[in-house]
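> Just dropping this structure here.
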Amino acid sequence: MQSHFKYQHGELCAENIPVAKLAAEFGTPLYVYSRSHLIRQYRALADAMKAVSPQIYFAIKSNSNLAVIRTLADQGAGADVVSGGELYRARKAGVAADRIVFAGVGKTVAEIDYALKEGIKFFTVESEAELQRISERAEQTGRTGRVAIRVNPDVDPKTHTYTSTGKAENKFGVDLLRAEKAYDIAARLPGLEVSGLHMHLGSPIMTPTPYVEALRKVRPMCEELKERMPTFKHLDIGGGLGIAYRYDQDPLDPRDFASAVLPLLHGLDLQVGMEPGRFITGNAGILVTRVEYIKPNPQKQFVVVDAAMNDLLRPPLYEAHHEIIPVVQSTERIYGDVVGPICESGDFMAQNRELPAVQQGDLLAVLSAGAYGFVMASNYNSRGRAAEVMVEADRMELVRARETWDDLLRGESIPKW
Ligand code: LLP
């Protein structure tokens with residue numbers, strides 16, 4: 001599952017570096033990213049899909065550390081951004097503007113102006129009102145707003161309701177019928193150029209079936225639009241490809257994905273775009289945490305660690321499962337919960353589970369934490385956000401310093417009155 005985090009002589013290593021050494025050097029809680037894993041996942045997807053030479057726009061919402069973005073940009077990745085802040089990060093990390101696409105239902109005037117000025121590849125547009133706004137801003141600033149309408153194909157991605165986006169009841173995109181009209185509006189608006197069609201179904205998706213269903217629905221529309229509009233050149237099939245979060249779970253193999261979707265892309269003669277986030281970053285990262293206390297309650301043990309829901313929100317928010325393993329290999333087991341120090345019963349990493357029999361001071365690794373881990377961290381309970389480290393073979397580098405208490409107060413003031 002996490003092939004770049006393995007035991008060597010009973011000690012968990014990140015590539016070739018003992019995790020205990022990283023914890024000693026940088027402290028805990030600590031996010032550790034494997035550069036080799038990022039590259040391997042990127043290449044696996046690009047190679048599987050090479051028949052259509054896809055442009056991969058890395059979804060930087062999954063992990064927006066500059067070092068991660070740069071690693072992927074060096075492989076040829078562009079970026080899928082969803083805010084002005086993400087666009088700023090992508091540019092700072094060295095992603096060319098013409099490899100950036102900008103999604104999201106609520107783009108502000110300031111964000112649109114910034115993206116127009118940078119000259120991004122296209123906006124993925126979520127509503128008619130947004131088409132109007134982009135056109136107006138483009139005209140006012142003397143630029144062209146390239147747009148791909150986000151079509152909501154009403155397909156069930158069979159994932160958590162909070163992360164399902166391509167069903168009719170979700171706030172994202174416009175349905176197929178409305179999309180036809182939206183394209184007519186876009187074609188008439190003076191500031192716009194229609195670049196293509198976008199879809200994103202949700203995540204994590206564990207089989208190619210929802211993509212196949214969705215492509216069957218949008219393909220005829222793409223063919224028709226391509227005939228009518230000479231600038232219509234892109235089909236962006238979104239992200240969402242799943243990964244294994246459990247030892248007994250089969251990951252989605254990119255080759256299976258490719259053999260299912262490629263037949264629906266062949267002959268379309270459109271530049272295919274993809275927006276994977278988790279598939280690249282999910283198993284490229286772990287969260288290392290230290291046991292502060294063991295609290296044996298009558299029903300179960302509570303392993304109280306120094307990481308909390310402010311560091312990794314996925315377990316309480318989605319009841320997401322993350323495997324938790326000891327940094328020093330052991331076979332002894334206890335039964336209980338791994339919890340953080342935050343004042344909420346929802347502050348857990350694992351509940352009612354067989355756990356390694358750790359003791360105070362031991363280190364644990366929470367797996368599959370590279371996607372939607374640090375990026376969803378907060379300062380709740382005035383906890384500074386964790387440090388982030390990148391490793392590759394024998395090399396390691398602190399790629400984001402741990403937040404200090406002074407960082408927490410930055411920008412605050414007490415009124416003189
Ligand atoms: N493209 C668009 C338009 C998206 O909205 C998303 C994710 C992606 C691409 C990338 O999806 P991925 O390949 O990473 O699955 N916080 C949740 C996930 C939210 C995903 C939001 N959109 C989680 O922790 O599972």
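Each chain in the structure tokens gets a letter, A, B and so on, in the order shown; residues start at 1 in every chain, and ligands are counted from 1 in the order they appear.
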Which residues are near ligand 1 in this structure, taking near to mean any atom at most 7 Å from a ligand atom and counting only C-alpha atoms and all ligand atoms? Format them as a list in words.

Ala59, Ser62, Asp80, Ala103, Gly104, Thr163, His200, Gly202, Ser203, Pro204, Gly238, Gly239, Gly240, Leu241, Gly242, Glu275, Pro276, Gly277, Arg278, Phe279, Arg314, Ala371 and Tyr372 of chain A

> Can those selected residues be exported to a file as a short mmCIF file (atom, residue, chain, number, x, y, z; two decimals), in the first residue's frame so that it contains all heavy atoms?


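The resulting again-v5.cif:
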data_model
loop_
_atom_site.label_atom_id
_atom_site.label_comp_id
_atom_site.auth_asym_id
_atom_site.auth_seq_id
_atom_site.Cartn_x
_atom_site.Cartn_y
_atom_site.Cartn_z
N ALA A 59 -4.16 18.17 -8.86
CA ALA A 59 -5.12 18.88 -8.00
C ALA A 59 -4.39 19.30 -6.72
O ALA A 59 -4.23 18.50 -5.80
CB ALA A 59 -6.30 17.98 -7.68
N SER A 62 -5.13 18.72 -2.86
CA SER A 62 -4.82 17.51 -2.09
C SER A 62 -3.55 17.66 -1.28
O SER A 62 -3.41 17.06 -0.22
CB SER A 62 -4.71 16.29 -3.02
OG SER A 62 -3.50 16.35 -3.76
N ASP A 80 -4.41 21.96 -11.16
CA ASP A 80 -5.83 22.28 -11.03
C ASP A 80 -5.95 23.08 -9.75
O ASP A 80 -5.60 22.58 -8.69
CB ASP A 80 -6.61 20.96 -10.96
CG ASP A 80 -7.98 21.11 -10.29
OD1 ASP A 80 -8.66 22.12 -10.55
OD2 ASP A 80 -8.37 20.21 -9.52
N ALA A 103 -10.90 25.83 -11.13
CA ALA A 103 -12.26 25.32 -10.88
C ALA A 103 -12.88 26.01 -9.67
O ALA A 103 -12.24 26.82 -9.00
CB ALA A 103 -12.21 23.82 -10.65
N GLY A 104 -14.13 25.67 -9.39
CA GLY A 104 -14.77 26.15 -8.16
C GLY A 104 -16.03 26.94 -8.43
O GLY A 104 -16.10 27.70 -9.39
N THR A 163 -18.05 14.01 -0.48
CA THR A 163 -17.05 14.13 -1.55
C THR A 163 -17.57 13.63 -2.88
O THR A 163 -16.82 13.31 -3.79
CB THR A 163 -15.75 13.37 -1.17
OG1 THR A 163 -16.08 12.02 -0.87
CG2 THR A 163 -15.06 14.00 0.01
N HIS A 200 -16.06 16.38 -13.23
CA HIS A 200 -15.38 15.76 -12.09
C HIS A 200 -16.48 15.13 -11.26
O HIS A 200 -17.44 15.79 -10.89
CB HIS A 200 -14.60 16.80 -11.27
CG HIS A 200 -14.08 16.25 -9.98
ND1 HIS A 200 -12.99 15.40 -9.93
CD2 HIS A 200 -14.51 16.38 -8.71
CE1 HIS A 200 -12.78 15.04 -8.67
NE2 HIS A 200 -13.68 15.62 -7.91
N GLY A 202 -16.32 13.15 -8.27
CA GLY A 202 -16.22 12.96 -6.83
C GLY A 202 -14.96 12.20 -6.52
O GLY A 202 -14.17 11.93 -7.43
N SER A 203 -14.76 11.83 -5.25
CA SER A 203 -13.57 11.08 -4.91
C SER A 203 -13.69 10.51 -3.50
O SER A 203 -14.40 11.07 -2.68
CB SER A 203 -12.34 11.97 -5.03
OG SER A 203 -12.35 12.99 -4.05
N PRO A 204 -13.02 9.43 -3.13
CA PRO A 204 -12.23 8.59 -4.04
C PRO A 204 -13.13 7.61 -4.79
O PRO A 204 -14.07 7.07 -4.21
CB PRO A 204 -11.30 7.84 -3.09
CG PRO A 204 -12.01 7.81 -1.78
CD PRO A 204 -12.92 8.99 -1.73
N GLY A 238 -11.41 15.32 -15.09
CA GLY A 238 -11.40 15.51 -13.65
C GLY A 238 -10.46 14.57 -12.91
O GLY A 238 -9.61 13.90 -13.51
N GLY A 239 -10.64 14.54 -11.60
CA GLY A 239 -9.79 13.69 -10.75
C GLY A 239 -10.63 12.65 -10.07
O GLY A 239 -11.64 12.19 -10.61
N GLY A 240 -10.23 12.28 -8.87
CA GLY A 240 -11.04 11.36 -8.07
C GLY A 240 -10.55 9.94 -7.99
O GLY A 240 -11.12 9.14 -7.25
N LEU A 241 -9.52 9.59 -8.78
CA LEU A 241 -9.05 8.20 -8.75
C LEU A 241 -8.66 7.79 -7.33
O LEU A 241 -7.88 8.46 -6.67
CB LEU A 241 -7.84 8.03 -9.66
CG LEU A 241 -8.14 7.90 -11.15
CD1 LEU A 241 -8.31 9.27 -11.76
CD2 LEU A 241 -7.02 7.17 -11.85
N GLY A 242 -9.20 6.64 -6.91
CA GLY A 242 -9.02 6.21 -5.53
C GLY A 242 -7.68 5.54 -5.27
O GLY A 242 -6.96 5.14 -6.19
N GLU A 275 -7.29 15.47 -13.62
CA GLU A 275 -6.99 16.27 -12.42
C GLU A 275 -6.81 15.41 -11.18
O GLU A 275 -7.53 15.58 -10.20
CB GLU A 275 -8.13 17.27 -12.19
CG GLU A 275 -8.39 18.21 -13.34
CD GLU A 275 -9.64 19.06 -13.12
OE1 GLU A 275 -10.44 18.77 -12.21
OE2 GLU A 275 -9.80 20.02 -13.88
N PRO A 276 -5.87 14.50 -11.20
CA PRO A 276 -5.70 13.66 -10.01
C PRO A 276 -5.04 14.42 -8.87
O PRO A 276 -4.14 15.24 -9.10
CB PRO A 276 -4.76 12.55 -10.50
CG PRO A 276 -3.94 13.22 -11.55
CD PRO A 276 -4.86 14.23 -12.22
N GLY A 277 -5.50 14.17 -7.67
CA GLY A 277 -4.84 14.71 -6.48
C GLY A 277 -4.40 13.54 -5.63
O GLY A 277 -3.25 13.12 -5.62
N ARG A 278 -5.40 12.95 -4.95
CA ARG A 278 -5.14 11.85 -4.02
C ARG A 278 -4.35 10.69 -4.64
O ARG A 278 -3.50 10.11 -3.97
CB ARG A 278 -6.50 11.33 -3.54
CG ARG A 278 -6.44 10.20 -2.60
CD ARG A 278 -7.83 9.68 -2.24
NE ARG A 278 -8.90 10.57 -2.51
CZ ARG A 278 -9.66 11.16 -1.57
NH1 ARG A 278 -9.44 10.91 -0.30
NH2 ARG A 278 -10.66 11.95 -1.90
N PHE A 279 -4.63 10.35 -5.90
CA PHE A 279 -3.95 9.23 -6.52
C PHE A 279 -2.43 9.43 -6.48
O PHE A 279 -1.66 8.49 -6.33
CB PHE A 279 -4.42 9.05 -7.98
CG PHE A 279 -3.74 7.92 -8.68
CD1 PHE A 279 -4.13 6.61 -8.44
CD2 PHE A 279 -2.67 8.15 -9.54
CE1 PHE A 279 -3.47 5.55 -9.05
CE2 PHE A 279 -2.01 7.10 -10.15
CZ PHE A 279 -2.41 5.80 -9.92
N ARG A 314 -9.65 14.00 8.44
CA ARG A 314 -10.42 13.00 7.69
C ARG A 314 -11.15 11.98 8.56
O ARG A 314 -12.32 11.69 8.29
CB ARG A 314 -9.54 12.29 6.65
CG ARG A 314 -8.90 13.25 5.64
CD ARG A 314 -8.27 12.51 4.45
NE ARG A 314 -9.26 12.05 3.52
CZ ARG A 314 -9.64 10.80 3.40
NH1 ARG A 314 -9.09 9.87 4.14
NH2 ARG A 314 -10.58 10.48 2.53
N ALA A 371 -2.67 13.06 1.16
CA ALA A 371 -3.70 13.86 0.48
C ALA A 371 -4.73 14.31 1.50
O ALA A 371 -5.18 13.50 2.32
CB ALA A 371 -4.38 13.03 -0.61
N TYR A 372 -5.11 15.57 1.43
CA TYR A 372 -6.14 16.13 2.33
C TYR A 372 -5.77 15.92 3.80
O TYR A 372 -6.63 15.65 4.64
CB TYR A 372 -7.52 15.54 1.99
CG TYR A 372 -7.84 15.70 0.51
CD1 TYR A 372 -7.78 14.63 -0.37
CD2 TYR A 372 -8.14 16.97 0.00
CE1 TYR A 372 -8.02 14.79 -1.72
CE2 TYR A 372 -8.39 17.13 -1.36
CZ TYR A 372 -8.33 16.05 -2.21
OH TYR A 372 -8.56 16.23 -3.54
#

> Considering only C-alpha atoms, give me a table of residues in region 71-169 of chain A that are at most 6 Å from region 42-58 of chain A, with the closest atom pair and distance in Å for each, as CSV.


residue,atom,partner,partner_atom,distance
A:Ala77,CA,A:Ile56,CA,5.3
A:Gly78,CA,A:Tyr57,CA,4.3
A:Ala79,CA,A:Tyr57,CA,4.2
A:Asp80,CA,A:Tyr57,CA,5.1

> Using only C-alpha atoms, find the one residue out of A:Gly273, A:Pro208, A:Gly336, A:Pro230 that sits nearest to Asp253 (chain A).

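Nearest candidate to Asp253 (chain A) out of A:Gly273, A:Pro208, A:Gly336, A:Pro230: A:Pro208.
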
> I'd like to know which residues of region 314-390 of chain A are alpha helix (DSSP H) (by DSSP, run on the backbone); could you write them as a PyMOL selection string?

chain A and resi 314-318

> Of the candidates A:Val212, A:Val174, A:Met396, A:Cys222, which one gets nearest to Ala258 (chain A) if we count only C-alpha atoms?

A:Val212

> Which residue is closest to Ala96 (chain A)? Choose from A:Ala73, A:Val272, A:Val109, A:Val366 and count only C-alpha atoms.

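When distances to Ala96 (chain A) are compared using only C-alpha atoms, the smallest one comes from A:Ala73.
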
> May I have the residues within 12 Å of region 408-412 of chain A as a PyMOL selection string, using only C-alpha atoms and disregarding those fewer than 3 positions away in the same chain?

chain A and resi 378-385+402-405+415

> Can you write just those residues out, all heavy atoms, as a compact mmCIF listing (two decimals), in the first residue's frame?


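The new file again.txt reads:
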# COMPACT_ATOMS: atom_id res chain seq x y z
N SER A 378 -5.90 22.90 10.73
CA SER A 378 -6.33 24.20 11.24
C SER A 378 -5.54 24.51 12.51
O SER A 378 -4.69 23.71 12.94
CB SER A 378 -7.82 24.18 11.57
OG SER A 378 -8.03 23.46 12.78
N ASN A 379 -5.83 25.65 13.07
CA ASN A 379 -5.15 26.04 14.31
C ASN A 379 -6.06 25.87 15.53
O ASN A 379 -5.83 26.48 16.58
CB ASN A 379 -4.67 27.50 14.22
CG ASN A 379 -3.56 27.67 13.22
OD1 ASN A 379 -3.67 28.48 12.30
ND2 ASN A 379 -2.50 26.92 13.37
N TYR A 380 -7.09 25.05 15.39
CA TYR A 380 -8.03 24.85 16.48
C TYR A 380 -7.30 24.50 17.78
O TYR A 380 -6.32 23.76 17.77
CB TYR A 380 -9.00 23.73 16.10
CG TYR A 380 -10.15 23.54 17.05
CD1 TYR A 380 -10.78 24.61 17.66
CD2 TYR A 380 -10.64 22.26 17.32
CE1 TYR A 380 -11.84 24.41 18.53
CE2 TYR A 380 -11.71 22.05 18.17
CZ TYR A 380 -12.30 23.15 18.79
OH TYR A 380 -13.35 22.96 19.64
N ASN A 381 -7.82 25.03 18.87
CA ASN A 381 -7.19 24.91 20.20
C ASN A 381 -5.82 25.59 20.23
O ASN A 381 -4.96 25.25 21.03
CB ASN A 381 -7.05 23.44 20.63
CG ASN A 381 -8.33 22.86 21.24
OD1 ASN A 381 -8.29 21.85 21.92
ND2 ASN A 381 -9.47 23.49 21.02
N SER A 382 -5.63 26.57 19.32
CA SER A 382 -4.35 27.27 19.20
C SER A 382 -3.17 26.31 19.14
O SER A 382 -2.18 26.45 19.85
CB SER A 382 -4.15 28.30 20.32
OG SER A 382 -4.91 29.45 20.02
N ARG A 383 -3.34 25.35 18.25
CA ARG A 383 -2.24 24.42 17.98
C ARG A 383 -1.58 24.83 16.67
O ARG A 383 -2.26 25.02 15.66
CB ARG A 383 -2.79 22.99 17.87
CG ARG A 383 -3.29 22.43 19.20
CD ARG A 383 -4.09 21.15 19.00
NE ARG A 383 -3.41 20.20 18.13
CZ ARG A 383 -2.53 19.28 18.56
NH1 ARG A 383 -2.24 19.19 19.85
NH2 ARG A 383 -1.95 18.46 17.72
N GLY A 384 -0.28 25.01 16.69
CA GLY A 384 0.44 25.34 15.45
C GLY A 384 0.35 24.15 14.51
O GLY A 384 0.24 23.01 14.94
N ARG A 385 0.37 24.45 13.22
CA ARG A 385 0.31 23.34 12.26
C ARG A 385 1.66 22.62 12.20
O ARG A 385 2.72 23.21 12.43
CB ARG A 385 -0.12 23.85 10.89
CG ARG A 385 -1.63 24.10 10.86
CD ARG A 385 -2.10 24.66 9.55
NE ARG A 385 -1.52 25.97 9.30
CZ ARG A 385 -1.60 26.60 8.15
NH1 ARG A 385 -2.22 26.05 7.14
NH2 ARG A 385 -1.05 27.80 8.02
N ARG A 402 7.48 23.93 11.31
CA ARG A 402 6.38 23.87 12.27
C ARG A 402 5.96 25.29 12.65
O ARG A 402 6.79 26.16 12.81
CB ARG A 402 6.90 23.13 13.52
CG ARG A 402 5.89 22.89 14.62
CD ARG A 402 6.53 22.05 15.72
NE ARG A 402 7.09 20.81 15.18
CZ ARG A 402 6.35 19.77 14.78
NH1 ARG A 402 5.04 19.80 14.89
NH2 ARG A 402 6.91 18.69 14.25
N GLU A 403 4.67 25.52 12.80
CA GLU A 403 4.21 26.86 13.19
C GLU A 403 4.52 27.11 14.66
O GLU A 403 4.35 26.22 15.50
CB GLU A 403 2.70 26.99 12.96
CG GLU A 403 2.37 27.35 11.53
CD GLU A 403 0.88 27.47 11.25
OE1 GLU A 403 0.06 26.99 12.04
OE2 GLU A 403 0.55 28.04 10.20
N THR A 404 4.94 28.34 14.92
CA THR A 404 5.26 28.72 16.30
C THR A 404 4.06 29.44 16.92
O THR A 404 3.12 29.82 16.22
CB THR A 404 6.45 29.67 16.32
OG1 THR A 404 6.04 30.89 15.65
CG2 THR A 404 7.66 29.09 15.60
N TRP A 405 4.13 29.69 18.22
CA TRP A 405 3.04 30.43 18.87
C TRP A 405 2.95 31.84 18.30
O TRP A 405 1.87 32.40 18.19
CB TRP A 405 3.25 30.44 20.40
CG TRP A 405 3.03 29.09 20.99
CD1 TRP A 405 2.36 28.05 20.42
CD2 TRP A 405 3.46 28.63 22.27
NE1 TRP A 405 2.35 26.97 21.26
CE2 TRP A 405 3.01 27.30 22.40
CE3 TRP A 405 4.19 29.21 23.32
CZ2 TRP A 405 3.27 26.54 23.55
CZ3 TRP A 405 4.43 28.45 24.45
CH2 TRP A 405 3.98 27.13 24.56
N PRO A 415 -7.96 45.98 20.39
CA PRO A 415 -8.33 47.41 20.23
C PRO A 415 -7.83 48.27 21.39
O PRO A 415 -7.89 47.84 22.54
CB PRO A 415 -9.87 47.37 20.21
CG PRO A 415 -10.23 45.97 19.88
CD PRO A 415 -9.12 45.11 20.38

> Just want the 10 Å neighbourhood of Lys226 (chain A), counted on only C-alpha atoms, with same-chain residues fewer than 4 positions away dropped. Output as a list in words.

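Here the qualifying residues turn out to be Ser195, Gly196, Pro220, Met221, Cys222, Pro230, Thr231, Phe232, Lys233, His234, Leu268, Asp269 and Leu270 of chain A.
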
> I need the chosen residues saved as a PDB file, in the first residue's frame, with N, CA and C atoms.


ATOM      1  N   SER A 195     -13.206  26.782 -24.703  1.00  0.00           N
ATOM      2  CA  SER A 195     -12.038  25.896 -24.854  1.00  0.00           C
ATOM      3  C   SER A 195     -12.388  24.427 -24.789  1.00  0.00           C
ATOM      4  N   GLY A 196     -13.412  24.090 -23.992  1.00  0.00           N
ATOM      5  CA  GLY A 196     -13.675  22.658 -23.854  1.00  0.00           C
ATOM      6  C   GLY A 196     -14.749  22.331 -22.847  1.00  0.00           C
ATOM      7  N   PRO A 220     -21.160  12.524 -26.945  1.00  0.00           N
ATOM      8  CA  PRO A 220     -21.913  13.091 -28.079  1.00  0.00           C
ATOM      9  C   PRO A 220     -21.910  14.623 -28.058  1.00  0.00           C
ATOM     10  N   MET A 221     -21.987  15.166 -26.853  1.00  0.00           N
ATOM     11  CA  MET A 221     -21.990  16.619 -26.736  1.00  0.00           C
ATOM     12  C   MET A 221     -20.640  17.211 -27.176  1.00  0.00           C
ATOM     13  N   CYS A 222     -19.564  16.537 -26.801  1.00  0.00           N
ATOM     14  CA  CYS A 222     -18.231  16.995 -27.212  1.00  0.00           C
ATOM     15  C   CYS A 222     -18.114  16.975 -28.737  1.00  0.00           C
ATOM     16  N   PRO A 230     -14.690  26.052 -33.394  1.00  0.00           N
ATOM     17  CA  PRO A 230     -13.302  25.680 -33.726  1.00  0.00           C
ATOM     18  C   PRO A 230     -12.347  25.758 -32.529  1.00  0.00           C
ATOM     19  N   THR A 231     -12.720  26.559 -31.508  1.00  0.00           N
ATOM     20  CA  THR A 231     -11.813  26.685 -30.351  1.00  0.00           C
ATOM     21  C   THR A 231     -12.026  25.579 -29.326  1.00  0.00           C
ATOM     22  N   PHE A 232     -13.039  24.744 -29.532  1.00  0.00           N
ATOM     23  CA  PHE A 232     -13.344  23.667 -28.580  1.00  0.00           C
ATOM     24  C   PHE A 232     -12.337  22.526 -28.771  1.00  0.00           C
ATOM     25  N   LYS A 233     -11.356  22.445 -27.833  1.00  0.00           N
ATOM     26  CA  LYS A 233     -10.247  21.497 -28.059  1.00  0.00           C
ATOM     27  C   LYS A 233      -9.942  20.596 -26.870  1.00  0.00           C
ATOM     28  N   HIS A 234     -10.612  20.839 -25.727  1.00  0.00           N
ATOM     29  CA  HIS A 234     -10.215  20.120 -24.516  1.00  0.00           C
ATOM     30  C   HIS A 234     -11.363  19.349 -23.878  1.00  0.00           C
ATOM     31  N   LEU A 268     -11.861  11.113 -30.678  1.00  0.00           N
ATOM     32  CA  LEU A 268     -12.498  12.399 -30.368  1.00  0.00           C
ATOM     33  C   LEU A 268     -11.627  13.549 -30.837  1.00  0.00           C
ATOM     34  N   ASP A 269     -10.330  13.274 -30.856  1.00  0.00           N
ATOM     35  CA  ASP A 269      -9.367  14.288 -31.269  1.00  0.00           C
ATOM     36  C   ASP A 269      -9.445  15.549 -30.411  1.00  0.00           C
ATOM     37  N   LEU A 270      -9.532  15.318 -29.104  1.00  0.00           N
ATOM     38  CA  LEU A 270      -9.496  16.446 -28.165  1.00  0.00           C
ATOM     39  C   LEU A 270      -8.305  16.246 -27.233  1.00  0.00           C
TER      40      LEU A 270
END

> Running DSSP on the backbone, which parts of region 207-284 of chain A land in strand (DSSP E), as a ChimeraX atom specification?

/A:234-236,271-274
